[in-house]
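Colleague: Have a look at this one.
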Amino acid sequence: MTLPEAGSRQQVSAERRGLQEIVMPGAKIIAVAIAALAASATSKAAAAAEHKCDPITDVGWSVVPEREVLSQTDGPPYQSGTDWFIDRVTTVLPFCHYFNSIGVYSMRSYSLDPVVTEERVIICRRSGSNSVAVAPYAGRCPPR
């Protein structure tokens with residue numbers, strides 16, 4: 001790092017600072033894209049236990065929270081009323097990634113404790129006198 005705030009002995013010239021300000025928007029766009037992909041990959045149930053990353057105090061650094069799915073297990077199918085369900089257990093590991101303006105990864109990045117969620121997922125729904133599969137389940141209905 002060459003920031004005086006970080007205690008660096010190297011100082012950035014005014015010309016070099018201008019270059020960093022030009023490069024920085026590109027890095028921010030990449031960080032926002034990564035964050036958007038991570039957010040879209042999480043399930044609604046896992047998002048309920050959202051974590052908070054530590055705030056950034058250094059100029060030019062950004063944080064990208066991420067949730068990595070460690071495991072996803074489906075229980076046996078069961079009937080409730082006229083529909084069929086499974087219980088899905090998902091374990092997610094929350095991360096806080098820190099990057100500077102040119103995309104360098106910080107060793108201050110860290111993970112939090114795994115978050116385990118359980119959700120009830122419908123796999124077959126009653127339609128008239130038949131039972132039909134609910135996407136993305138492609139098995140037979142009723143399941144055997």
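Letters A, B, ... go to the chains of the structure tokens in the order shown; residues in each chain start at 1; ligands are counted from 1 in the same order.
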Got a sec: who's within 8 Å of Leu70 (chain A), counting only C-alpha atoms, leaving out chain neighbours fewer than 6 positions off, as a ChimeraX atom specification?

Modeller: /A:90-93

Colleague: Those same residues - N, CA and C atoms - I'd like them written as a compact mmCIF listing (two decimals), in the first residue's frame.

Modeller:
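For reference, result.txt as written:
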```txt
# COMPACT_ATOMS: atom_id res chain seq x y z
N THR A 90 -29.23 -26.67 3.99
CA THR A 90 -28.13 -26.03 3.28
C THR A 90 -27.17 -25.41 4.29
N THR A 91 -25.88 -25.68 4.10
CA THR A 91 -24.84 -25.08 4.94
C THR A 91 -24.05 -24.10 4.09
N VAL A 92 -23.97 -22.85 4.56
CA VAL A 92 -23.33 -21.77 3.82
C VAL A 92 -22.22 -21.17 4.68
N LEU A 93 -21.08 -20.84 4.05
CA LEU A 93 -19.97 -20.20 4.76
C LEU A 93 -19.87 -18.75 4.29
```

Colleague: Any idea what's packed within 9 Å of Ser111 (chain A), counting only C-alpha atoms, ignoring anything in its chain fewer than 2 positions away? Could you give it as a tab-separated table (two decimals) with C-alpha atoms, in the first residue's frame?

Modeller:
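Output contents, as saved in part_2.tsv:
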```
chain	number	residue	atom	x	y	z
A	93	LEU	CA	-19.97	-20.20	4.76
A	94	PRO	CA	-20.07	-16.37	4.80
A	95	PHE	CA	-16.90	-14.57	3.66
A	96	CYS	CA	-15.75	-10.95	3.79
A	97	HIS	CA	-13.24	-10.29	0.97
A	109	SER	CA	-10.24	-11.07	4.43
A	113	ASP	CA	-19.15	-19.35	11.25
A	114	PRO	CA	-21.13	-21.60	8.88
```

Colleague: Using only C-alpha atoms, which residue out of A:Val121, A:Leu112, A:Val64, A:Val104 lies closest to Arg88 (chain A)?

Modeller: A:Val121

Colleague: Set the distance at 10 Å and use only C-alpha atoms: which residues neighbour Tyr78 (chain A) once local chain neighbours fewer than 6 positions away are removed? I'd like the list as a PDB file with C-alpha atoms, in the first residue's frame.

Modeller:
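Below is the file that was written, result_15.pdb:
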```
ATOM      1  CA  TRP A  84     -45.320 -33.822  -1.738  1.00  0.00           C
ATOM      2  CA  PHE A  85     -42.353 -32.088  -0.087  1.00  0.00           C
ATOM      3  CA  ILE A  86     -38.726 -32.577   0.894  1.00  0.00           C
ATOM      4  CA  ASP A  87     -36.777 -30.840   3.657  1.00  0.00           C
ATOM      5  CA  ILE A 122     -42.509 -28.688  -2.765  1.00  0.00           C
ATOM      6  CA  ILE A 123     -41.693 -31.316  -5.395  1.00  0.00           C
ATOM      7  CA  PRO A 142     -45.975 -39.132  -6.530  1.00  0.00           C
ATOM      8  CA  PRO A 143     -42.385 -40.090  -5.603  1.00  0.00           C
ATOM      9  CA  ARG A 144     -41.660 -43.693  -4.581  1.00  0.00           C
TER      10      ARG A 144
END
```

Colleague: How many Å separate CA of Thr117 (chain A) from CA of Thr82 (chain A)?

Modeller: 25.3 Å

Colleague: Give me, please, the distance in Å between CA of Ile56 (chain A) and CA of Met107 (chain A), quoted to one decimal.

Modeller: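 Separating CA of Ile56 (chain A) from CA of Met107 (chain A) is a distance of 13.7 Å.
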
Colleague: Quote the spacing between CA of Thr73 (chain A) and CA of Arg125 (chain A) in Å to one decimal place.

Modeller: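 Computed distance, CA of Thr73 (chain A) to CA of Arg125 (chain A), equals 21.3 Å.
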
Colleague: Write out as a PyMOL selection string the residues lying within 6 Å of Phe99 (chain A), counting only C-alpha atoms and excluding same-chain residues fewer than 2 positions away.

Modeller: chain A and resi 61-62+103-106

Colleague: Can you tell me which residues surround Val89 (chain A) at a distance of at most 10 Å, considering only C-alpha atoms, apart from same-chain residues fewer than 6 positions away, and format the answer as a JSON list (two decimals) with C-alpha atoms, in the first residue's frame?

Modeller:
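Saved file part39.json follows:
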```
[["chain", "number", "residue", "atom", "x", "y", "z"],
["A", 71, "SER", "CA", -23.38, -28.58, 1.33],
["A", 72, "GLN", "CA", -27.00, -29.09, 0.37],
["A", 73, "THR", "CA", -28.85, -32.22, 1.49],
["A", 74, "ASP", "CA", -32.40, -33.24, 0.59],
["A", 75, "GLY", "CA", -34.39, -35.39, 2.99],
["A", 116, "VAL", "CA", -27.24, -23.88, 8.46],
["A", 117, "THR", "CA", -30.76, -23.33, 7.11],
["A", 118, "GLU", "CA", -33.62, -25.75, 6.56],
["A", 119, "GLU", "CA", -36.44, -25.13, 4.12],
["A", 120, "ARG", "CA", -39.49, -27.08, 3.00]]
```

Colleague: Could you pull out the residues in region 97-144 of chain A that DSSP calls strand (DSSP E) from the backbone, as a list in words?

Modeller: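 Across region 97-144 of chain A, those assigned strand (DSSP E) are His97, Tyr98, Phe99, Tyr110, Ser111, Val115, Val116, Thr117, Glu118, Glu119, Arg120, Val121, Ile122, Ile123, Cys124, Arg125, Arg126, Ser127, Asn130, Ser131, Val132 and Ala133 of chain A.
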
Colleague: Keeping only N, CA and C atoms, take the residues you just selected and write them out as a compact mmCIF listing (two decimals), in the first residue's frame.

Modeller:
```txt
# COMPACT_ATOMS: atom_id res chain seq x y z
N HIS A 97 -14.45 -10.48 1.77
CA HIS A 97 -13.24 -10.29 0.97
C HIS A 97 -12.95 -8.80 0.85
N TYR A 98 -11.69 -8.44 1.04
CA TYR A 98 -11.28 -7.04 0.93
C TYR A 98 -10.31 -6.90 -0.24
N PHE A 99 -10.56 -5.88 -1.09
CA PHE A 99 -9.74 -5.62 -2.27
C PHE A 99 -9.37 -4.14 -2.30
N TYR A 110 -11.69 -12.58 5.67
CA TYR A 110 -11.96 -13.62 6.65
C TYR A 110 -13.31 -14.28 6.38
N SER A 111 -13.52 -15.43 7.05
CA SER A 111 -14.82 -16.10 6.97
C SER A 111 -15.44 -16.10 8.35
N VAL A 115 -23.46 -21.12 8.39
CA VAL A 115 -24.88 -20.89 8.68
C VAL A 115 -25.66 -22.06 8.08
N VAL A 116 -26.45 -22.73 8.91
CA VAL A 116 -27.24 -23.88 8.46
C VAL A 116 -28.71 -23.45 8.41
N THR A 117 -29.34 -23.66 7.25
CA THR A 117 -30.76 -23.33 7.11
C THR A 117 -31.50 -24.58 6.64
N GLU A 118 -32.76 -24.65 7.01
CA GLU A 118 -33.62 -25.75 6.56
C GLU A 118 -34.88 -25.15 5.95
N GLU A 119 -35.23 -25.63 4.77
CA GLU A 119 -36.44 -25.13 4.12
C GLU A 119 -37.25 -26.30 3.58
N ARG A 120 -38.55 -26.09 3.53
CA ARG A 120 -39.49 -27.08 3.00
C ARG A 120 -39.68 -26.76 1.52
N VAL A 121 -39.41 -27.75 0.66
CA VAL A 121 -39.47 -27.54 -0.79
C VAL A 121 -40.54 -28.46 -1.37
N ILE A 122 -41.47 -27.88 -2.11
CA ILE A 122 -42.51 -28.69 -2.77
C ILE A 122 -41.94 -29.33 -4.02
N ILE A 123 -42.20 -30.63 -4.21
CA ILE A 123 -41.69 -31.32 -5.39
C ILE A 123 -42.83 -31.80 -6.30
N CYS A 124 -44.00 -32.08 -5.72
CA CYS A 124 -45.16 -32.51 -6.52
C CYS A 124 -46.41 -31.80 -6.01
N ARG A 125 -47.21 -31.30 -6.95
CA ARG A 125 -48.44 -30.58 -6.60
C ARG A 125 -49.62 -31.26 -7.25
N ARG A 126 -50.70 -31.30 -6.54
CA ARG A 126 -51.93 -31.92 -7.03
C ARG A 126 -52.52 -31.03 -8.14
N SER A 127 -52.84 -31.65 -9.27
CA SER A 127 -53.46 -30.95 -10.39
C SER A 127 -54.61 -31.82 -10.88
N ASN A 130 -54.45 -35.83 -10.88
CA ASN A 130 -53.05 -36.25 -11.00
C ASN A 130 -52.15 -35.39 -10.12
N SER A 131 -50.93 -35.86 -9.96
CA SER A 131 -49.90 -35.10 -9.26
C SER A 131 -48.81 -34.78 -10.28
N VAL A 132 -48.41 -33.50 -10.37
CA VAL A 132 -47.40 -33.08 -11.35
C VAL A 132 -46.17 -32.54 -10.64
N ALA A 133 -45.00 -32.74 -11.28
CA ALA A 133 -43.73 -32.28 -10.72
C ALA A 133 -43.66 -30.75 -10.75
```
